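Engineer: Structure: start.cif, mmCIF, C-alpha atoms and all ligand atoms.
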```
data_target
#
loop_
_atom_site.label_atom_id
_atom_site.label_comp_id
_atom_site.auth_asym_id
_atom_site.auth_seq_id
_atom_site.Cartn_x
_atom_site.Cartn_y
_atom_site.Cartn_z
CA MET A 1349 10.16 -22.69 -25.89
CA LYS A 1350 12.33 -24.76 -23.56
CA ILE A 1351 11.58 -28.45 -23.01
CA LEU A 1352 13.55 -30.33 -20.37
CA ALA A 1353 13.73 -34.13 -20.71
CA ILE A 1354 14.89 -36.27 -17.80
CA ILE A 1355 15.68 -39.95 -18.37
CA ALA A 1356 16.14 -42.26 -15.40
CA SER A 1357 17.34 -45.51 -16.98
CA PRO A 1358 20.68 -46.88 -15.73
CA ARG A 1359 21.32 -47.41 -19.48
CA GLY A 1360 20.89 -43.72 -20.18
CA MET A 1361 19.79 -43.05 -23.76
CA GLN A 1362 21.29 -46.40 -24.92
CA GLY A 1363 18.39 -48.47 -23.57
CA ASN A 1364 14.78 -49.07 -24.59
CA THR A 1365 13.40 -46.01 -22.81
CA GLY A 1366 16.05 -43.87 -24.49
CA ARG A 1367 14.97 -45.23 -27.87
CA LEU A 1368 11.31 -44.32 -27.25
CA LEU A 1369 12.28 -40.94 -25.80
CA GLU A 1370 14.29 -40.22 -28.98
CA GLU A 1371 11.02 -40.37 -30.94
CA VAL A 1372 9.20 -38.08 -28.49
CA LEU A 1373 12.09 -35.61 -28.73
CA ALA A 1374 11.98 -35.79 -32.55
CA GLY A 1375 8.40 -34.49 -32.30
CA VAL A 1376 9.45 -31.77 -29.83
CA LYS A 1377 12.29 -30.61 -32.09
CA GLU A 1378 10.07 -30.69 -35.17
CA ALA A 1379 7.71 -28.33 -33.32
CA GLY A 1380 10.64 -25.93 -33.00
CA ALA A 1381 11.34 -26.22 -29.28
CA GLU A 1382 14.75 -26.14 -27.65
CA VAL A 1383 15.51 -29.43 -25.87
CA GLU A 1384 17.73 -30.03 -22.88
CA LEU A 1385 18.28 -33.69 -22.03
CA LEU A 1386 19.42 -34.84 -18.60
CA SER A 1387 20.36 -38.44 -17.94
CA LEU A 1388 20.25 -39.25 -14.23
CA LYS A 1389 22.66 -42.13 -14.92
CA SER A 1390 25.50 -39.64 -15.22
CA MET A 1391 24.27 -37.29 -12.50
CA ASN A 1392 24.33 -37.44 -8.74
CA VAL A 1393 20.89 -37.28 -7.11
CA GLN A 1394 20.92 -38.77 -3.62
CA PRO A 1395 17.80 -39.91 -1.75
CA CYS A 1396 15.95 -37.34 0.41
CA VAL A 1397 17.06 -37.41 4.07
CA ALA A 1398 13.84 -35.82 5.41
CA CYS A 1399 15.68 -33.00 7.21
CA ASP A 1400 12.83 -30.59 6.27
CA VAL A 1401 15.34 -27.79 5.63
CA CYS A 1402 14.00 -27.18 2.09
CA HIS A 1403 10.61 -26.33 3.61
CA LYS A 1404 12.29 -23.70 5.80
CA THR A 1405 14.82 -22.20 3.38
CA GLY A 1406 13.84 -23.35 -0.12
CA VAL A 1407 17.25 -24.96 -0.58
CA CYS A 1408 18.22 -28.62 -0.16
CA THR A 1409 21.10 -29.36 2.21
CA ILE A 1410 22.46 -32.27 0.11
CA LYS A 1411 25.24 -31.06 -2.12
CA ASP A 1412 24.64 -32.89 -5.38
CA ASP A 1413 22.96 -32.19 -8.74
CA TYR A 1414 19.41 -31.72 -7.41
CA GLU A 1415 19.45 -27.93 -7.04
CA SER A 1416 20.67 -27.58 -10.63
CA ILE A 1417 17.89 -29.88 -11.90
CA LYS A 1418 15.35 -27.93 -9.80
CA GLY A 1419 16.54 -24.69 -11.43
CA LYS A 1420 16.05 -26.21 -14.88
CA LEU A 1421 12.55 -27.46 -13.98
CA LEU A 1422 11.60 -23.99 -12.75
CA ALA A 1423 13.01 -22.37 -15.91
CA CYS A 1424 11.50 -24.67 -18.56
CA ASP A 1425 8.13 -24.33 -20.28
CA GLY A 1426 7.53 -28.05 -20.40
CA PHE A 1427 9.25 -31.22 -19.26
CA ILE A 1428 9.38 -34.93 -20.01
CA LEU A 1429 9.98 -37.69 -17.46
CA ALA A 1430 11.18 -41.01 -18.87
CA SER A 1431 11.70 -44.18 -16.85
CA PRO A 1432 11.76 -47.92 -17.35
CA ASN A 1433 9.28 -49.95 -15.32
CA TYR A 1434 11.12 -51.39 -12.33
CA ILE A 1435 8.79 -53.61 -10.27
CA PHE A 1436 5.57 -51.77 -11.25
CA SER A 1437 7.13 -48.38 -10.59
CA VAL A 1438 9.89 -46.02 -11.71
CA THR A 1439 13.61 -46.69 -11.25
CA ALA A 1440 15.36 -45.81 -7.98
CA GLN A 1441 17.15 -43.02 -9.87
CA MET A 1442 13.81 -41.43 -10.81
CA LYS A 1443 12.28 -42.02 -7.37
CA ALA A 1444 15.21 -40.27 -5.69
CA LEU A 1445 14.57 -37.22 -7.89
CA LEU A 1446 10.80 -37.26 -7.26
CA ASP A 1447 11.34 -37.44 -3.50
CA ARG A 1448 13.80 -34.56 -3.62
CA CYS A 1449 11.06 -32.51 -5.32
CA ASN A 1450 9.03 -32.61 -2.08
CA GLY A 1451 9.56 -28.88 -1.49
CA LEU A 1452 8.42 -28.09 -5.05
CA ILE A 1453 5.33 -30.22 -4.45
CA HIS A 1454 4.51 -28.42 -1.18
CA CYS A 1455 4.54 -25.13 -3.13
CA MET A 1456 3.05 -26.65 -6.31
CA ALA A 1457 5.87 -24.68 -7.87
CA LEU A 1458 5.46 -25.89 -11.46
CA GLU A 1459 1.89 -24.59 -11.84
CA GLY A 1460 1.30 -23.46 -15.43
CA LYS A 1461 3.86 -25.84 -16.95
CA TYR A 1462 3.14 -28.90 -19.09
CA ALA A 1463 4.65 -32.38 -19.01
CA ALA A 1464 4.68 -35.69 -20.86
CA VAL A 1465 5.76 -39.07 -19.50
CA VAL A 1466 7.54 -41.98 -21.19
CA GLU A 1467 7.95 -45.57 -20.00
CA THR A 1468 9.12 -48.94 -21.27
CA SER A 1469 8.79 -52.36 -19.68
CA GLY A 1470 9.71 -55.97 -20.23
CA GLY A 1471 6.05 -56.46 -21.06
CA GLY A 1472 3.53 -55.20 -18.58
CA GLU A 1473 1.92 -52.62 -16.33
CA ASP A 1474 2.89 -49.71 -18.61
CA GLU A 1475 -0.24 -47.76 -17.65
CA GLU A 1476 0.46 -48.21 -13.94
CA VAL A 1477 3.87 -46.52 -14.21
CA LEU A 1478 2.62 -43.82 -16.60
CA THR A 1479 -0.26 -43.03 -14.23
CA TYR A 1480 2.17 -42.75 -11.32
CA MET A 1481 4.35 -40.25 -13.19
CA LYS A 1482 1.31 -38.29 -14.42
CA ARG A 1483 0.06 -37.96 -10.84
CA PHE A 1484 3.49 -36.70 -9.79
CA VAL A 1485 3.26 -34.06 -12.55
CA ASN A 1486 -0.11 -32.92 -11.18
CA THR A 1487 1.20 -32.74 -7.61
CA LEU A 1488 3.71 -30.15 -8.85
CA GLY A 1489 0.71 -28.16 -10.14
CA ALA A 1490 1.66 -28.91 -13.77
CA ASN A 1491 -0.62 -30.33 -16.46
CA SER A 1492 0.00 -33.76 -17.91
CA VAL A 1493 -0.45 -33.75 -21.70
CA GLY A 1494 -0.20 -37.54 -21.86
CA GLY A 1495 2.19 -40.42 -21.88
CA ILE A 1496 3.53 -43.22 -23.99
CA GLY A 1497 4.60 -46.64 -22.78
CA SER A 1498 5.35 -50.03 -24.26
CA GLY A 1499 6.71 -53.45 -23.60
CA VAL A 1500 9.69 -54.45 -25.70
CA ALA A 1501 10.20 -56.87 -28.58
CA GLY A 1502 13.97 -57.13 -28.09
CA ILE A 1503 16.82 -54.71 -27.50
CA ARG A 1504 15.63 -51.21 -28.44
CA THR A 1505 12.78 -52.63 -30.49
CA PHE A 1506 9.06 -52.71 -29.77
CA PRO A 1507 5.95 -54.49 -31.02
CA ASP A 1508 4.04 -52.38 -33.60
CA GLU A 1509 7.05 -50.10 -33.67
CA ALA A 1510 5.97 -47.88 -36.56
CA ILE A 1511 2.70 -46.90 -34.86
CA LEU A 1512 4.40 -46.54 -31.48
CA TYR A 1513 6.99 -44.14 -32.93
CA LEU A 1514 4.31 -42.09 -34.68
CA ASN A 1515 2.42 -41.81 -31.39
CA ALA A 1516 5.64 -40.87 -29.59
CA GLN A 1517 6.40 -38.10 -32.11
CA ASN A 1518 2.80 -36.88 -31.79
CA LEU A 1519 3.19 -36.73 -28.01
CA GLY A 1520 6.27 -34.51 -28.42
CA ARG A 1521 4.41 -32.21 -30.82
CA GLU A 1522 1.36 -32.19 -28.52
CA LEU A 1523 3.50 -31.13 -25.55
CA CYS A 1524 4.69 -28.10 -27.51
CA ARG A 1525 1.19 -27.28 -28.79
CA CYS A 1526 -0.17 -27.34 -25.22
CA VAL A 1527 2.58 -24.96 -24.08
CA THR A 1528 1.93 -22.56 -26.96
CA GLU A 1529 -1.85 -22.60 -26.66
CA ARG A 1530 -1.93 -22.74 -22.84
CA GLN A 1531 -4.16 -25.81 -23.17
CA LYS A 1532 -6.66 -26.34 -20.34
CA PHE A 1533 -7.18 -29.80 -18.84
CA PRO A 1534 -10.48 -29.59 -16.90
CA GLU A 1535 -10.29 -33.30 -16.01
CA GLN A 1536 -7.04 -32.63 -14.09
CA ASP A 1537 -8.28 -29.45 -12.42
CA ALA A 1538 -10.30 -31.24 -9.74
CA PHE A 1539 -7.28 -33.21 -8.51
CA ILE A 1540 -4.98 -30.18 -8.72
CA SER A 1541 -7.49 -27.99 -6.79
CA ARG A 1542 -7.93 -30.61 -4.08
CA PHE A 1543 -4.19 -31.06 -3.81
CA LYS A 1544 -3.69 -27.29 -3.67
CA ALA A 1545 -6.09 -27.03 -0.72
CA ARG A 1546 -4.22 -29.88 0.96
CA MET A 1547 -0.74 -28.40 0.42
CA SER A 1548 -1.68 -24.84 1.39
CA GLY A 1549 -3.44 -26.31 4.47
CA LEU A 1550 -0.36 -28.34 5.41
CA VAL A 1551 1.96 -25.36 5.03
CA ASP A 1552 -0.46 -23.27 7.10
CA ILE A 1553 -0.34 -25.84 9.93
CA MET A 1554 3.48 -25.73 9.75
CA LYS A 1555 3.73 -21.96 9.21
CA ASP A 1556 5.87 -21.33 12.30
CA TYR A 1557 8.50 -23.80 11.06
CA TRP A 1558 8.37 -23.67 7.26
CA ALA A 1559 9.06 -19.99 6.57
CA PHE A 1560 10.04 -20.41 2.91
CA GLU A 1561 6.93 -22.38 1.98
CA ARG A 1562 4.69 -20.02 3.99
CA GLU A 1563 6.05 -17.08 1.94
CA GLN A 1564 5.56 -18.98 -1.34
CA TRP A 1565 1.89 -19.64 -0.50
CA GLU A 1566 1.33 -16.06 0.67
CA LYS A 1567 2.62 -14.85 -2.72
CA LYS A 1568 0.62 -17.49 -4.64
CA LEU A 1569 -2.66 -16.72 -2.85
CA SER A 1570 -2.26 -12.94 -3.20
CA ARG A 1571 -1.82 -13.14 -7.03
C1 LIG T 1 15.47 -54.20 -11.71
C2 LIG T 1 14.54 -54.37 -12.87
C3 LIG T 1 13.18 -54.46 -12.62
C4 LIG T 1 12.27 -54.63 -13.66
N1 LIG T 1 10.94 -54.74 -13.36
C5 LIG T 1 10.06 -54.94 -14.37
C6 LIG T 1 8.66 -55.10 -14.10
O1 LIG T 1 8.22 -55.08 -12.96
N2 LIG T 1 7.83 -55.28 -15.15
C7 LIG T 1 8.27 -55.32 -16.44
O2 LIG T 1 7.47 -55.48 -17.35
N3 LIG T 1 9.59 -55.15 -16.73
C8 LIG T 1 10.49 -54.95 -15.74
N4 LIG T 1 11.82 -54.79 -16.01
C9 LIG T 1 12.26 -54.71 -17.43
C10 LIG T 1 12.49 -53.26 -17.88
O3 LIG T 1 11.38 -52.42 -17.53
C11 LIG T 1 12.63 -53.16 -19.40
O4 LIG T 1 13.66 -54.00 -19.85
C12 LIG T 1 12.86 -51.74 -19.83
O5 LIG T 1 12.58 -51.61 -21.20
C13 LIG T 1 14.31 -51.30 -19.59
O6 LIG T 1 14.48 -49.99 -20.06
P1 LIG T 1 15.94 -49.38 -20.36
O7 LIG T 1 16.57 -50.23 -21.41
O8 LIG T 1 15.67 -48.00 -20.82
O9 LIG T 1 16.68 -49.41 -19.07
C14 LIG T 1 12.75 -54.65 -15.00
C15 LIG T 1 14.13 -54.55 -15.25
C16 LIG T 1 15.02 -54.41 -14.20
C17 LIG T 1 16.50 -54.32 -14.48
#
```
Would you mind writing the file out in structure tokens?
Ligand SMILES: Cc1cc2nc3c(=O)[nH]c(=O)nc-3n(C[C@H](O)[C@H](O)[C@H](O)COP(=O)(O)O)c2cc1C
Structural biologist:
Amino acid sequence: MKILAIIASPRGMQGNTGRLLEEVLAGVKEAGAEVELLSLKSMNVQPCVACDVCHKTGVCTIKDDYESIKGKLLACDGFILASPNYIFSVTAQMKALLDRCNGLIHCMALEGKYAAVVETSGGGEDEEVLTYMKRFVNTLGANSVGGIGSGVAGIRTFPDEAILYLNAQNLGRELCRCVTERQKFPEQDAFISRFKARMSGLVDIMKDYWAFEREQWEKKLSR
């Protein structure tokens, strides 16, 4: 089982989010999965330029690390998104990646995969940022197995750290269990179904322009 973890802190794994992610990954590794860790800090992912070419060809025109990350997302069984809270949202590094995934979202290309989300903050709105990342996971067609977030108690330390780390390790193990058992999430199905109708409808409206996405939906709907 392949689990891809993507961290979007400018501090990489040396910051608070990296510390919490370490515990989630300990759970993943204990469950026997293979982990690949990508730190956006040391990668080049530029903002989307809205050229719409990915909708037509399936390939982004910007020559940076996005296509490689996309390949890894398509190849993994499960993934983890980790970001600090920057002004009630994810970091610019994470947002650039999410925006670049627009073509994947249009095709709901990660259907059948599972994801967990990780966040840290100075001390607030953890749920807001986790909910945002979970919704992104669902827009890709993937299931969210849960998230863990916390304010900090200092540099790379947290309040109630022992319990937090246990919960983080459990989240990692749970991600792997969901992959293995093909866990169903009925409470997410309604959103994913609605979003599917919306995306397939959008691509249908644009079918004369967005050849790649039209073909993806034709294949998806004929399965
Ligand atoms: C630009 C910036 C914006 C931030 N915005 C918030 C915020 O809105 N709410 C909050 O609680 N903490 C905020 N913080 C604090 C970080 O979320 C917090 O220190 C986090 O643990 C940093 O994670 P890292 O060490 O992995 O980078 C902000 C920090 C920075 C640098």
Engineer: Considering only C-alpha atoms and all ligand atoms, state which residue in the set A:Ser1541, A:Ser1431, A:Gln1564, A:Asn1491 is at the smallest distance from ligand LIG 1 (chain T).
Structural biologist: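 Closest residue, counting only C-alpha atoms and all ligand atoms: A:Ser1431.
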Engineer: Using all atoms of stretch 1503-1520 of chain A listed in the file and a margin of 3 Å per side, can you give the axis-aligned box centre and edge lengths in Å to one decimal, as AutoDock Vina command-line options?
Structural biologist:
```
--center_x 9.6 --center_y -44.6 --center_z -32.0 --size_x 20.4 --size_y 26.2 --size_z 15.1
```
Engineer: Given all atoms listed in the file as the basis, pick out the residue of A:Leu1514, A:Ala1444, A:Leu1373, A:Ala1501 nearest to ligand LIG 1 (chain T).
Structural biologist: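 Among A:Leu1514, A:Ala1444, A:Leu1373, A:Ala1501, it is A:Ala1501 that comes nearest to ligand LIG 1 (chain T).
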Engineer: Applying 9 Å and all atoms listed in the file, which residues near stretch 1485-1488 of chain A remain after dropping the ones on its own chain fewer than 3 positions away? List them as an MDAnalysis selection string.
Structural biologist: chainID A and resid 1449:1450 1452:1459 1462:1465 1480:1482 1491:1492 1536:1537 1539:1540 1543:1544
Engineer: Find the residues near ligand LIG 1 (chain T). Use a cut-off of 10 Å, count all atoms listed in the file, and write them as a ChimeraX atom specification.
Structural biologist: /A:1355-1369,1430-1440,1467-1474,1477,1497-1506
Engineer: Step by step: start from the point (9.2, -33.8, 5.7) in the file's coordinates, keep every protein, DNA or RNA residue that has an atom no farther than 12 Å from it, count only C-alpha atoms, and write the set as a ChimeraX atom specification.
Structural biologist: /A:1396-1404,1408,1447-1451,1453-1454,1550-1551,1554,1557-1558
